[in-house]
Structures are given as C-alpha cells and as structure tokens.
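Chemist: Handing over protein.tsv, TSV, C-alpha atoms.
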```tsv
chain	number	residue	atom	x	y	z
X	1	MET	CA	82.53	205.83	191.88
X	2	LYS	CA	83.19	208.55	194.45
X	3	LYS	CA	84.62	211.78	192.99
X	4	THR	CA	87.00	214.34	194.46
X	5	ALA	CA	86.97	218.02	193.44
X	6	VAL	CA	90.65	218.84	192.90
X	7	GLY	CA	90.18	222.52	191.99
X	8	PRO	CA	90.60	224.43	188.71
X	9	MET	CA	93.67	223.37	186.71
X	10	THR	CA	94.86	223.15	183.10
X	11	LEU	CA	94.01	219.47	182.84
X	12	LEU	CA	93.22	217.68	179.61
X	13	TYR	CA	94.11	214.15	178.47
X	14	PRO	CA	95.85	213.69	176.09
X	15	LYS	CA	97.84	216.86	175.38
X	16	PRO	CA	100.14	217.04	172.36
X	17	ALA	CA	103.86	217.82	172.56
X	18	LEU	CA	104.46	220.29	169.73
X	19	LEU	CA	107.44	222.28	168.55
X	20	ILE	CA	106.26	225.72	167.44
X	21	GLY	CA	108.64	227.42	165.03
X	22	ALA	CA	109.06	231.03	164.01
X	23	ASP	CA	111.79	233.14	162.47
X	24	VAL	CA	112.93	235.63	165.11
X	25	GLU	CA	115.41	238.33	164.20
X	26	GLY	CA	116.10	236.42	160.99
X	27	LYS	CA	116.84	233.06	162.62
X	28	PRO	CA	114.64	230.02	163.18
X	29	ASN	CA	113.57	229.38	166.78
X	30	PHE	CA	111.48	226.60	168.29
X	31	MET	CA	109.51	226.29	171.54
X	32	ALA	CA	107.71	223.34	173.08
X	33	VAL	CA	103.96	223.79	173.50
X	34	ALA	CA	101.44	221.31	174.91
X	35	TRP	CA	98.53	223.72	174.77
X	36	GLY	CA	96.96	223.54	171.37
X	37	GLY	CA	94.19	221.96	169.35
X	38	ILE	CA	92.27	222.06	166.09
X	39	ALA	CA	89.99	225.12	165.89
X	40	ASN	CA	88.16	225.06	162.55
X	41	GLN	CA	87.44	222.57	159.77
X	42	SER	CA	87.31	224.59	156.56
X	43	PRO	CA	89.74	226.16	156.08
X	44	PRO	CA	91.71	224.02	158.55
X	45	MET	CA	92.83	226.04	161.57
X	46	LEU	CA	94.45	225.32	164.92
X	47	SER	CA	95.12	227.21	168.12
X	48	VAL	CA	98.24	227.35	170.29
X	49	ALA	CA	98.54	229.19	173.60
X	50	ILE	CA	101.78	231.15	174.05
X	51	ARG	CA	102.92	233.69	176.66
X	52	ARG	CA	103.37	237.10	175.05
X	53	LYS	CA	106.89	237.52	176.41
X	54	ARG	CA	108.21	234.41	174.66
X	55	PHE	CA	110.93	234.86	172.05
X	56	THR	CA	108.98	232.73	169.56
X	57	TYR	CA	105.93	234.95	169.96
X	58	LYS	CA	107.99	237.92	168.81
X	59	GLY	CA	108.64	236.12	165.51
X	60	ILE	CA	104.98	235.14	165.11
X	61	GLU	CA	103.93	238.78	165.52
X	62	GLU	CA	106.62	239.99	163.11
X	63	ASN	CA	106.00	237.55	160.26
X	64	ARG	CA	102.41	236.50	160.97
X	65	THR	CA	103.44	232.93	160.22
X	66	PHE	CA	104.48	229.99	162.39
X	67	SER	CA	105.02	226.27	162.12
X	68	VAL	CA	103.78	223.34	164.15
X	69	ASN	CA	106.21	220.43	164.11
X	70	ILE	CA	105.05	217.12	165.54
X	71	PRO	CA	107.99	215.24	167.05
X	72	SER	CA	108.26	211.48	167.24
X	73	GLU	CA	109.16	209.34	170.26
X	74	SER	CA	112.84	209.47	169.31
X	75	GLN	CA	112.79	213.29	169.71
X	76	VAL	CA	111.59	213.40	173.31
X	77	THR	CA	114.88	214.83	174.63
X	78	GLU	CA	115.03	217.60	172.02
X	79	THR	CA	111.34	218.42	172.54
X	80	ASP	CA	111.74	218.76	176.29
X	81	TYR	CA	114.92	220.83	175.84
X	82	CYS	CA	113.02	223.30	173.62
X	83	GLY	CA	110.64	223.87	176.55
X	84	LEU	CA	113.43	224.37	179.09
X	85	VAL	CA	115.48	227.18	177.53
X	86	SER	CA	114.85	230.44	175.70
X	87	GLY	CA	115.91	231.32	172.19
X	88	THR	CA	117.15	234.67	173.47
X	89	LYS	CA	120.31	232.95	174.73
X	90	ASN	CA	120.38	229.59	172.92
X	91	ASP	CA	120.45	228.47	169.30
X	92	LYS	CA	118.07	225.61	169.93
X	93	ALA	CA	118.07	224.39	166.31
X	94	ALA	CA	121.88	224.02	166.48
X	95	VAL	CA	121.89	222.32	169.90
X	96	CYS	CA	119.23	219.85	168.72
X	97	SER	CA	120.92	219.37	165.31
X	98	PHE	CA	117.62	220.19	163.58
X	99	THR	CA	117.75	220.40	159.80
X	100	VAL	CA	115.50	223.40	159.05
X	101	PHE	CA	113.62	223.84	155.79
X	102	TYR	CA	110.98	226.24	154.50
X	103	GLY	CA	107.88	225.59	152.44
X	104	LYS	CA	105.10	227.68	150.95
X	105	LEU	CA	105.07	230.43	153.60
X	106	LYS	CA	108.83	231.20	153.45
X	107	THR	CA	109.00	232.44	157.09
X	108	ALA	CA	107.68	229.39	158.98
X	109	PRO	CA	110.72	227.21	159.78
X	110	LEU	CA	110.12	223.45	159.59
X	111	ILE	CA	112.10	220.66	161.25
X	112	GLU	CA	113.03	217.89	158.83
X	113	GLN	CA	113.49	215.32	161.62
X	114	CYS	CA	109.90	215.77	162.84
X	115	PRO	CA	107.60	213.44	160.87
X	116	VAL	CA	104.79	215.99	160.47
X	117	ASN	CA	105.13	219.74	159.81
X	118	LEU	CA	102.26	222.21	159.54
X	119	GLU	CA	102.76	225.63	157.95
X	120	CYS	CA	100.42	228.20	159.49
X	121	SER	CA	99.49	231.79	158.74
X	122	LEU	CA	98.30	233.80	161.72
X	123	VAL	CA	94.56	234.46	161.48
X	124	LYS	CA	93.85	235.99	164.87
X	125	VAL	CA	95.31	236.41	168.34
X	126	VAL	CA	92.81	236.06	171.17
X	127	ASP	CA	94.15	237.92	174.18
X	128	LEU	CA	93.48	235.82	177.24
X	129	LYS	CA	94.73	236.56	180.74
X	130	THR	CA	98.23	235.07	180.82
X	131	HIS	CA	98.44	233.72	177.27
X	132	ALA	CA	97.90	234.80	173.68
X	133	LEU	CA	95.81	232.19	171.89
X	134	CYS	CA	97.26	232.19	168.38
X	135	ILE	CA	94.85	230.91	165.76
X	136	GLY	CA	96.55	229.85	162.56
X	137	GLU	CA	95.29	228.62	159.23
X	138	ILE	CA	97.04	225.38	158.25
X	139	GLU	CA	98.20	226.26	154.74
X	140	GLU	CA	100.29	223.18	154.03
X	141	VAL	CA	101.17	219.87	155.69
X	142	HIS	CA	104.45	218.05	155.07
X	143	VAL	CA	104.88	214.41	156.07
X	144	SER	CA	108.04	212.30	156.01
X	145	ASP	CA	107.64	209.65	153.34
X	146	ASP	CA	108.26	206.81	155.78
X	147	CYS	CA	105.20	207.96	157.79
X	148	LEU	CA	102.73	207.72	154.91
X	149	THR	CA	100.34	204.85	154.15
X	150	ASP	CA	98.65	205.10	150.74
X	151	GLY	CA	99.76	208.74	150.61
X	152	LYS	CA	98.17	209.67	153.94
X	153	PRO	CA	99.83	210.37	157.31
X	154	ASP	CA	99.77	207.26	159.51
X	155	VAL	CA	99.83	207.82	163.28
X	156	GLU	CA	101.32	204.37	163.89
X	157	LYS	CA	104.35	205.39	161.82
X	158	VAL	CA	104.50	208.96	163.17
X	159	ARG	CA	104.62	207.69	166.80
X	160	PRO	CA	103.73	211.08	168.32
X	161	LEU	CA	104.47	212.09	171.90
X	162	ILE	CA	101.65	212.37	174.41
X	163	TYR	CA	102.25	214.94	177.14
X	164	SER	CA	100.60	214.58	180.50
X	165	SER	CA	100.25	216.69	183.64
X	166	GLY	CA	98.64	215.91	186.97
X	167	ALA	CA	100.40	213.56	189.36
X	168	GLU	CA	103.56	214.25	187.29
X	169	LEU	CA	104.76	215.82	184.05
X	170	ALA	CA	105.59	213.00	181.65
X	171	TYR	CA	105.79	211.98	178.01
X	172	TYR	CA	104.10	208.82	176.80
X	173	GLY	CA	104.00	206.99	173.49
X	174	LEU	CA	100.98	205.87	171.50
X	175	GLY	CA	99.29	202.77	172.88
X	176	ALA	CA	97.23	199.98	171.37
X	177	ARG	CA	94.65	200.59	168.65
X	178	LEU	CA	91.27	200.20	170.32
X	179	ALA	CA	88.60	200.83	167.69
X	180	THR	CA	87.68	202.52	164.41
X	181	GLY	CA	86.22	206.01	164.69
X	182	PHE	CA	82.71	206.79	163.39
X	183	ASP	CA	82.14	203.05	163.51
X	184	ILE	CA	82.41	201.32	166.93
X	185	GLY	CA	79.58	203.52	168.25
X	186	LYS	CA	77.13	202.03	165.74
X	187	LYS	CA	76.72	199.14	168.20
X	188	LEU	CA	74.47	201.47	170.22
X	189	LEU	CA	72.28	202.58	167.29
Q	1	MET	CA	114.10	211.97	154.93
Q	2	LYS	CA	112.12	212.97	151.86
Q	3	LYS	CA	108.86	214.82	152.59
Q	4	THR	CA	105.54	214.89	150.77
Q	5	ALA	CA	103.20	217.90	150.86
Q	6	VAL	CA	99.78	216.37	151.50
Q	7	GLY	CA	97.78	219.62	151.44
Q	8	PRO	CA	96.00	221.56	154.17
Q	9	MET	CA	94.09	219.36	156.64
Q	10	THR	CA	92.99	219.32	160.29
Q	11	LEU	CA	95.90	217.17	161.35
Q	12	LEU	CA	97.35	217.11	164.85
Q	13	TYR	CA	98.75	214.19	166.87
Q	14	PRO	CA	97.50	213.36	169.43
Q	15	LYS	CA	93.93	214.66	169.51
Q	16	PRO	CA	91.75	214.09	172.59
Q	17	ALA	CA	88.38	212.32	172.54
Q	18	LEU	CA	86.14	214.46	174.73
Q	19	LEU	CA	82.48	214.38	175.63
Q	20	ILE	CA	81.18	217.96	175.78
Q	21	GLY	CA	78.06	218.33	177.90
Q	22	ALA	CA	75.38	220.99	178.04
Q	23	ASP	CA	71.83	221.25	179.27
Q	24	VAL	CA	69.62	221.75	176.21
Q	25	GLU	CA	65.91	222.45	176.66
Q	26	GLY	CA	66.30	221.38	180.28
Q	27	LYS	CA	67.93	218.01	179.56
Q	28	PRO	CA	71.60	216.97	179.58
Q	29	ASN	CA	73.14	216.31	176.16
Q	30	PHE	CA	76.64	215.16	175.19
Q	31	MET	CA	78.61	215.37	171.95
Q	32	ALA	CA	82.01	213.91	171.02
Q	33	VAL	CA	84.69	216.49	170.20
Q	34	ALA	CA	88.32	215.85	169.20
Q	35	TRP	CA	89.07	219.49	168.51
Q	36	GLY	CA	90.12	221.16	171.72
Q	37	GLY	CA	93.09	222.17	173.80
Q	38	ILE	CA	94.24	224.23	176.76
Q	39	ALA	CA	94.09	227.97	176.02
Q	40	ASN	CA	95.28	229.87	179.11
Q	41	GLN	CA	97.13	229.13	182.32
Q	42	SER	CA	95.70	231.48	184.92
Q	43	PRO	CA	92.80	231.27	185.22
Q	44	PRO	CA	92.82	227.86	183.54
Q	45	MET	CA	90.93	227.94	180.23
Q	46	LEU	CA	90.40	225.59	177.31
Q	47	SER	CA	88.98	225.82	173.82
Q	48	VAL	CA	86.65	223.46	171.95
Q	49	ALA	CA	85.56	223.84	168.33
Q	50	ILE	CA	81.86	223.19	167.69
Q	51	ARG	CA	79.61	223.74	164.68
Q	52	ARG	CA	77.01	226.39	165.45
Q	53	LYS	CA	74.11	224.21	164.32
Q	54	ARG	CA	74.90	221.48	166.87
Q	55	PHE	CA	72.24	220.76	169.52
Q	56	THR	CA	74.89	220.97	172.27
Q	57	TYR	CA	75.92	224.45	171.10
Q	58	LYS	CA	72.36	225.65	171.67
Q	59	GLY	CA	72.71	224.70	175.33
Q	60	ILE	CA	76.12	226.33	175.66
Q	61	GLU	CA	74.72	229.59	174.30
Q	62	GLU	CA	71.65	229.40	176.56
Q	63	ASN	CA	73.40	228.66	179.85
Q	64	ARG	CA	76.91	229.95	179.11
Q	65	THR	CA	78.27	226.82	180.78
Q	66	PHE	CA	79.47	223.46	179.47
Q	67	SER	CA	81.33	220.40	180.68
Q	68	VAL	CA	84.30	218.51	179.31
Q	69	ASN	CA	84.20	214.84	180.26
Q	70	ILE	CA	87.29	212.74	179.57
Q	71	PRO	CA	86.29	209.16	178.83
Q	72	SER	CA	88.43	206.14	179.58
Q	73	GLU	CA	89.32	203.26	177.26
Q	74	SER	CA	86.29	201.30	178.46
Q	75	GLN	CA	84.00	204.07	177.16
Q	76	VAL	CA	85.16	204.05	173.54
Q	77	THR	CA	81.83	202.74	172.19
Q	78	GLU	CA	79.77	205.36	174.08
Q	79	THR	CA	82.18	208.13	173.05
Q	80	ASP	CA	81.98	207.25	169.39
Q	81	TYR	CA	78.18	206.91	169.58
Q	82	CYS	CA	77.94	210.46	170.97
Q	83	GLY	CA	79.69	211.63	167.80
Q	84	LEU	CA	77.41	209.69	165.47
Q	85	VAL	CA	73.95	210.87	166.46
Q	86	SER	CA	72.27	214.15	167.39
Q	87	GLY	CA	70.59	214.99	170.67
Q	88	THR	CA	67.63	216.41	168.74
Q	89	LYS	CA	66.36	212.86	168.21
Q	90	ASN	CA	68.22	210.75	170.77
Q	91	ASP	CA	68.54	210.75	174.54
Q	92	LYS	CA	72.25	209.93	174.42
Q	93	ALA	CA	72.69	209.90	178.21
Q	94	ALA	CA	69.98	207.22	178.46
Q	95	VAL	CA	71.30	205.10	175.56
Q	96	CYS	CA	74.82	205.22	177.08
Q	97	SER	CA	73.50	204.64	180.64
Q	98	PHE	CA	75.40	207.70	181.82
Q	99	THR	CA	74.87	208.71	185.43
Q	100	VAL	CA	74.66	212.50	185.23
Q	101	PHE	CA	75.60	214.78	188.13
Q	102	TYR	CA	76.05	218.52	188.56
Q	103	GLY	CA	78.71	220.47	190.43
Q	104	LYS	CA	79.43	224.12	191.14
Q	105	LEU	CA	77.98	225.54	187.92
Q	106	LYS	CA	74.56	223.79	188.20
Q	107	THR	CA	73.96	223.74	184.39
Q	108	ALA	CA	77.06	221.84	183.19
Q	109	PRO	CA	76.10	218.14	183.20
Q	110	LEU	CA	78.90	215.75	184.24
Q	111	ILE	CA	79.22	212.04	183.47
Q	112	GLU	CA	80.02	209.99	186.57
Q	113	GLN	CA	81.48	207.12	184.53
Q	114	CYS	CA	84.12	209.39	182.94
Q	115	PRO	CA	87.19	209.54	185.21
Q	116	VAL	CA	87.76	213.30	184.74
Q	117	ASN	CA	85.11	216.02	184.51
Q	118	LEU	CA	85.78	219.71	183.92
Q	119	GLU	CA	83.15	222.35	184.67
Q	120	CYS	CA	83.51	225.34	182.36
Q	121	SER	CA	81.93	228.77	182.15
Q	122	LEU	CA	81.86	230.29	178.68
Q	123	VAL	CA	84.35	233.17	178.44
Q	124	LYS	CA	84.25	233.93	174.74
Q	125	VAL	CA	83.15	232.51	171.40
Q	126	VAL	CA	85.56	233.12	168.53
Q	127	ASP	CA	83.60	232.97	165.28
Q	128	LEU	CA	85.70	231.05	162.79
Q	129	LYS	CA	84.57	229.99	159.33
Q	130	THR	CA	82.77	226.68	159.90
Q	131	HIS	CA	83.14	226.39	163.68
Q	132	ALA	CA	82.59	228.41	166.85
Q	133	LEU	CA	85.68	228.18	169.02
Q	134	CYS	CA	84.25	228.14	172.53
Q	135	ILE	CA	86.70	229.31	175.18
Q	136	GLY	CA	85.76	228.23	178.68
Q	137	GLU	CA	87.21	228.89	182.07
Q	138	ILE	CA	87.77	225.63	183.95
Q	139	GLU	CA	86.02	226.41	187.20
Q	140	GLU	CA	86.24	222.99	188.83
Q	141	VAL	CA	87.75	219.58	188.09
Q	142	HIS	CA	86.27	216.34	189.42
Q	143	VAL	CA	88.27	213.12	189.38
Q	144	SER	CA	87.12	209.59	190.20
Q	145	ASP	CA	88.84	208.51	193.40
Q	146	ASP	CA	90.35	205.41	191.78
Q	147	CYS	CA	92.20	207.69	189.30
Q	148	LEU	CA	94.00	209.74	191.95
Q	149	THR	CA	97.59	209.28	193.17
Q	150	ASP	CA	98.45	211.33	196.25
Q	151	GLY	CA	95.32	213.37	195.59
Q	152	LYS	CA	96.27	214.26	192.01
Q	153	PRO	CA	94.83	212.94	188.72
Q	154	ASP	CA	97.00	210.13	187.34
Q	155	VAL	CA	96.92	209.60	183.58
Q	156	GLU	CA	97.96	205.95	183.94
Q	157	LYS	CA	94.79	205.32	185.96
Q	158	VAL	CA	92.57	207.57	183.82
Q	159	ARG	CA	93.59	205.68	180.61
Q	160	PRO	CA	92.30	208.41	178.23
Q	161	LEU	CA	91.41	207.81	174.60
Q	162	ILE	CA	93.65	209.17	171.86
Q	163	TYR	CA	91.83	210.06	168.66
Q	164	SER	CA	93.61	209.99	165.36
Q	165	SER	CA	92.85	211.03	161.79
Q	166	GLY	CA	94.88	210.65	158.60
Q	167	ALA	CA	95.18	207.22	157.02
Q	168	GLU	CA	92.12	206.29	159.14
Q	169	LEU	CA	89.91	207.49	162.00
Q	170	ALA	CA	90.81	205.46	165.05
Q	171	TYR	CA	90.97	205.44	168.83
Q	172	TYR	CA	94.15	204.43	170.63
Q	173	GLY	CA	95.09	203.93	174.25
Q	174	LEU	CA	97.97	205.45	176.19
Q	175	GLY	CA	101.32	203.85	175.46
Q	176	ALA	CA	104.52	203.41	177.42
Q	177	ARG	CA	105.92	206.11	179.69
Q	178	LEU	CA	108.94	207.52	177.86
Q	179	ALA	CA	110.41	210.28	180.03
Q	180	THR	CA	109.80	212.90	182.72
Q	181	GLY	CA	108.78	216.36	181.48
Q	182	PHE	CA	110.90	219.43	182.27
Q	183	ASP	CA	113.69	216.96	182.98
Q	184	ILE	CA	114.85	214.68	180.13
Q	185	GLY	CA	115.81	217.75	178.05
Q	186	LYS	CA	118.43	218.75	180.66
Q	187	LYS	CA	120.76	216.27	178.93
Q	188	LEU	CA	121.23	218.92	176.23
Q	189	LEU	CA	121.99	221.81	178.59
```
Turn the structure described in the file into structure tokens.
Modeler:
Amino acid sequence: MKKTAVGPMTLLYPKPALLIGADVEGKPNFMAVAWGGIANQSPPMLSVAIRRKRFTYKGIEENRTFSVNIPSESQVTETDYCGLVSGTKNDKAAVCSFTVFYGKLKTAPLIEQCPVNLECSLVKVVDLKTHALCIGEIEEVHVSDDCLTDGKPDVEKVRPLIYSSGAELAYYGLGARLATGFDIGKKLL
Amino acid sequence: MKKTAVGPMTLLYPKPALLIGADVEGKPNFMAVAWGGIANQSPPMLSVAIRRKRFTYKGIEENRTFSVNIPSESQVTETDYCGLVSGTKNDKAAVCSFTVFYGKLKTAPLIEQCPVNLECSLVKVVDLKTHALCIGEIEEVHVSDDCLTDGKPDVEKVRPLIYSSGAELAYYGLGARLATGFDIGKKLL
C-alpha cells in the first residue's frame, strides 16, 4: 500500500472524550479533554494535557486534585459543550444539569450522570511547550451500578465516546467486539 | 444512579491499541501498548508508558527515536501477539509478516500494513513508579493512501482497534458516528 506523509499532527486513534473536573474558586468546573492516557500501573496513574490558561487548570493547581469523568453516548452534547465554553463565564454544571458529588479526595468534583468517575491527586506537572501534562494518581474509581458486571466495570454497558480528528472532528460509539485480549495473539505462538 | 467504589485501577475508556516500534541491537522490534495519549499541541507530542525492562525500551533509549503504528481491525491477532511475547527471543516482525520501512528519523521502524504510522523523537522520559512515561515529538505521520479522504486521515477507513479492560480484556472496533465535534454542543449555548 502506497503511503503519504501528511506532516506532524496530534493524531492518535482512538482518543477518549473525557470531562476533567476541578473546584475553581470554590465551585465545580468541567472541561472536555481528548488528550490523555494511562501513565503508570502501580500505583495507577494517568496523564491529561491541559493549556495552562484554562480555568480548570487553575483549580487543579490550587487543590492538587482533579477528576476524570467518562461520559456515555447519551452525554455527547454535554461533553462537546464543555469543550466549547469557559468556566470563567459559564456555570457548565448547571447548564448541563450535572449532579455533582465528591468522594475520597473532597475537592475533585464527580459527575453522577457519567458512568465512570476517577478521583485523581496531582503527582507531577510536566511543562511541555503549549500544554501542561498533568499526571495524576487514580485514588478511587466510582462506577454506576448499571455499568457493572460481576462487580467490575463493563465497557459494553458504559458505552464510552470515541473522539476522532483528521478528516473531521467527530464522536463515535463503541463498535463490535472483535477478540479477547492476551488471547487471540496465541494463534501466532 | 447508585455508584460503587471499585478501588484504584488503570481504567480509561477508550484505550488505544498501539504497536510501538524501535530498533534494538540493529533490528526492528514492536511491542503492544494501550497506555498512551496526546501530550502537547505544538509541536505535536504524545506519551506512551513502558516498563523499563522491556526490550523495546532499550532501543528507545539507544536511538532516542520510536514509532507508533496504529493497527487496523484486520491486525488484531498480530497486535495481541506483539503484547504476548518479548523481542529478546522472537523476531516479531517476521512472525507477523510485517513489511518494515523507515522515514525521516531513520531509526524508528514503521509497519507498512498499519494504516497510520507516527515517527517520534524522544523528548523526555518521566520516571514513574513502575513505568517510564516516554514523551515523543511526532515528527512525521504516514498514512496509507486508501485511508485518506481529501488528503487527510479518515478514521472510518483506518478502522482502529479499541482496547478495553475491566470486566474483561477485549478489542473492539469503531462504532457508529454519533455527532460532529465542536458543533453538537452548540445546542446548549
């Protein structure tokens, strides 16, 4: 297959669509972030890339805690909205009718309507050129009871959003189950 | 909806299924990684979490370059295999019949069969507890011509794998297109 060099770009498939939460000036605020991933196994850590001037970032610096809320397909409008406007001028939680709760960390606001909520304590900020890469330790995970199977989070019930860039910016749902991990590859052993 | 605290874990939906490439001892090697994300906008950077003892990591340290190859649904068996075995004892490129090519960076091996290939130069290694978080600048992106639409990478043609943990380890395909990004949220303005 012939290849074309399309130039450097922030391309990765799939990207998550996450709602990052922080208390800013005493109120919960949420921003949409597609740039994040798991960073360490034990203790569990993740990274999210945020511009330093963002309102949410102010709260992360202040409290050294943040949340990662994983929205479901039914929350695509709210998720996109949280990436369009700033918390400096909008009460996004009110506009989206989010029910906010707090867990172990007390200052990491969690969205009840999102099926999965991660509470994170800030471990380190890696200063990159345009973004601050915030590395957080995942201190607790909350899952809506209707998204559990045998007590464990079930992606087919969570129905997460898949964010995509390239030819266009778009949200997709989860597709068909293809294979079992750490298993299908044994065919080549 | 009632929530259950399931304890700290490396949970994020969706996670990518990536094949990280490096030249080790003069030969191309590939490992499967689900722990990565975009880290910076300009210049474009990404992060991938790798255990320091991995054979691939040796090559990344030696050459300070690596590749990120995004497999398609048809490569699920090869992708999983590259996560099951080590390059110390197996020529994974040969077993998987990968056609390896090199681009701008000369020491970041790229897999022709994968629809998207990112060439990365190592910017920084963040030493976390069990993993080294490798931050790379995306210096070039190669896309198979049959996955381009108007010269841009098209996720619906790429058909990336979505990796999932929780109730089980499994690979999924891309689902239905739900909405346009930076657009659907305008309903709430």
Chemist: So, counting all atoms listed in the file, which residue among Q:Ala170, Q:Val33, Q:Val100, Q:Val85 is closest to chain X?
Modeler: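 Checking each candidate against chain X, we get Q:Ala170 as the closest.
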Chemist: Write out, as a Markdown table, each residue of segment 31-68 of chain Q that has an atom at most 10 Å from segment 102-110 of chain Q, together with the closest pair of atoms and their distance in Å to one decimal, counting all atoms listed in the file, rows going by chain and rising number.
Modeler:
```
| residue | atom | partner | partner_atom | distance |
| --- | --- | --- | --- | --- |
| Q:Gly59 | CA | Q:Thr107 | CA | 9.2 |
| Q:Ile60 | CA | Q:Ala108 | CA | 8.8 |
| Q:Glu62 | CA | Q:Thr107 | CA | 9.9 |
| Q:Asn63 | CA | Q:Thr107 | CA | 6.7 |
| Q:Arg64 | CA | Q:Thr107 | CA | 8.7 |
| Q:Thr65 | CA | Q:Ala108 | CA | 5.7 |
| Q:Phe66 | CA | Q:Ala108 | CA | 4.7 |
| Q:Ser67 | CA | Q:Ala108 | CA | 5.2 |
| Q:Val68 | CA | Q:Leu110 | CA | 7.8 |
```
Chemist: Residues within 10 Å of Thr180 of chain X, please, as a list of chain:residue names. Count only C-alpha atoms; anything in the same chain fewer than 6 positions from it doesn't count.
Modeler: Q:Val76, Q:Thr77, Q:Asp80, Q:Tyr163, Q:Ser164, Q:Glu168, Q:Leu169, Q:Ala170, Q:Tyr171, Q:Tyr172
Chemist: Name the closest residue to Lys92 of chain X among the candidates X:Leu18, X:Lys187, X:Met31, X:Lys124; distances are taken between atoms, counting all atoms listed in the file.
Modeler: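 When distances to Lys92 of chain X are compared using all atoms listed in the file, the smallest one comes from X:Met31.
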Chemist: Using only C-alpha atoms, which protein or nucleic acid residues come within 6 Å of segment 2-8 of chain X? Drop anything in the same chain fewer than 2 positions from it, and give the result as a ChimeraX atom specification.
Modeler: /Q:138-145
Chemist: Please compute the atom CA of Thr88 of chain X-atom CA of Phe55 of chain X distance, one decimal, in Å.
Modeler: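 Atom-to-atom, atom CA of Thr88 of chain X to atom CA of Phe55 of chain X, that is 6.4 Å.
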Chemist: Could you pull the residues within 7 Å of segment 132-135 of chain Q, counting all atoms listed in the file, minus those fewer than 5 positions along the same chain, as a ChimeraX atom specification?
Modeler: /X:39 /Q:45-52,122-127
Chemist: Please report the interatomic distance between atom CA of Ser165 of chain X and atom CA of Gly181 of chain X in Å with one decimal.
Modeler: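 Going from atom CA of Ser165 of chain X over to atom CA of Gly181 of chain X covers 25.9 Å.
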Chemist: Using the partial input, fill out segment 117-128 of chain X with N, CA, C and O atoms; write the result as a PDB file, in the coordinates of the input.
Modeler:
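See out00.pdb below for the written result:
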```pdb
ATOM      1  N   ASN X 117     104.898 218.293 159.706  1.00  0.00           N
ATOM      2  CA  ASN X 117     105.130 219.740 159.810  1.00  0.00           C
ATOM      3  C   ASN X 117     103.950 220.487 159.219  1.00  0.00           C
ATOM      4  O   ASN X 117     103.580 220.238 158.072  1.00  0.00           O
ATOM      5  N   LEU X 118     103.381 221.395 160.005  1.00  0.00           N
ATOM      6  CA  LEU X 118     102.260 222.210 159.540  1.00  0.00           C
ATOM      7  C   LEU X 118     102.738 223.641 159.348  1.00  0.00           C
ATOM      8  O   LEU X 118     103.358 224.209 160.254  1.00  0.00           O
ATOM      9  N   GLU X 119     102.458 224.213 158.193  1.00  0.00           N
ATOM     10  CA  GLU X 119     102.760 225.630 157.950  1.00  0.00           C
ATOM     11  C   GLU X 119     101.485 226.431 158.230  1.00  0.00           C
ATOM     12  O   GLU X 119     100.436 226.157 157.626  1.00  0.00           O
ATOM     13  N   CYS X 120     101.602 227.431 159.101  1.00  0.00           N
ATOM     14  CA  CYS X 120     100.420 228.200 159.490  1.00  0.00           C
ATOM     15  C   CYS X 120     100.595 229.692 159.262  1.00  0.00           C
ATOM     16  O   CYS X 120     101.655 230.254 159.529  1.00  0.00           O
ATOM     17  N   SER X 121      99.527 230.327 158.794  1.00  0.00           N
ATOM     18  CA  SER X 121      99.490 231.790 158.740  1.00  0.00           C
ATOM     19  C   SER X 121      98.600 232.253 159.893  1.00  0.00           C
ATOM     20  O   SER X 121      97.565 231.652 160.170  1.00  0.00           O
ATOM     21  N   LEU X 122      99.038 233.312 160.548  1.00  0.00           N
ATOM     22  CA  LEU X 122      98.300 233.800 161.720  1.00  0.00           C
ATOM     23  C   LEU X 122      96.990 234.446 161.291  1.00  0.00           C
ATOM     24  O   LEU X 122      96.973 235.366 160.476  1.00  0.00           O
ATOM     25  N   VAL X 123      95.892 233.953 161.831  1.00  0.00           N
ATOM     26  CA  VAL X 123      94.560 234.460 161.480  1.00  0.00           C
ATOM     27  C   VAL X 123      94.114 235.484 162.517  1.00  0.00           C
ATOM     28  O   VAL X 123      93.548 236.525 162.194  1.00  0.00           O
ATOM     29  N   LYS X 124      94.378 235.166 163.780  1.00  0.00           N
ATOM     30  CA  LYS X 124      93.850 235.990 164.870  1.00  0.00           C
ATOM     31  C   LYS X 124      94.601 235.660 166.159  1.00  0.00           C
ATOM     32  O   LYS X 124      95.020 234.515 166.344  1.00  0.00           O
ATOM     33  N   VAL X 125      94.783 236.659 166.996  1.00  0.00           N
ATOM     34  CA  VAL X 125      95.310 236.410 168.340  1.00  0.00           C
ATOM     35  C   VAL X 125      94.201 236.767 169.330  1.00  0.00           C
ATOM     36  O   VAL X 125      93.685 237.892 169.315  1.00  0.00           O
ATOM     37  N   VAL X 126      93.812 235.804 170.144  1.00  0.00           N
ATOM     38  CA  VAL X 126      92.810 236.060 171.170  1.00  0.00           C
ATOM     39  C   VAL X 126      93.561 236.330 172.474  1.00  0.00           C
ATOM     40  O   VAL X 126      94.278 235.456 172.984  1.00  0.00           O
ATOM     41  N   ASP X 127      93.420 237.538 172.972  1.00  0.00           N
ATOM     42  CA  ASP X 127      94.150 237.920 174.180  1.00  0.00           C
ATOM     43  C   ASP X 127      93.449 237.385 175.417  1.00  0.00           C
ATOM     44  O   ASP X 127      92.414 237.898 175.828  1.00  0.00           O
ATOM     45  N   LEU X 128      94.022 236.349 175.991  1.00  0.00           N
ATOM     46  CA  LEU X 128      93.480 235.820 177.240  1.00  0.00           C
ATOM     47  C   LEU X 128      94.353 236.349 178.380  1.00  0.00           C
ATOM     48  O   LEU X 128      95.244 237.166 178.157  1.00  0.00           O
TER      49      LEU X 128
END
```
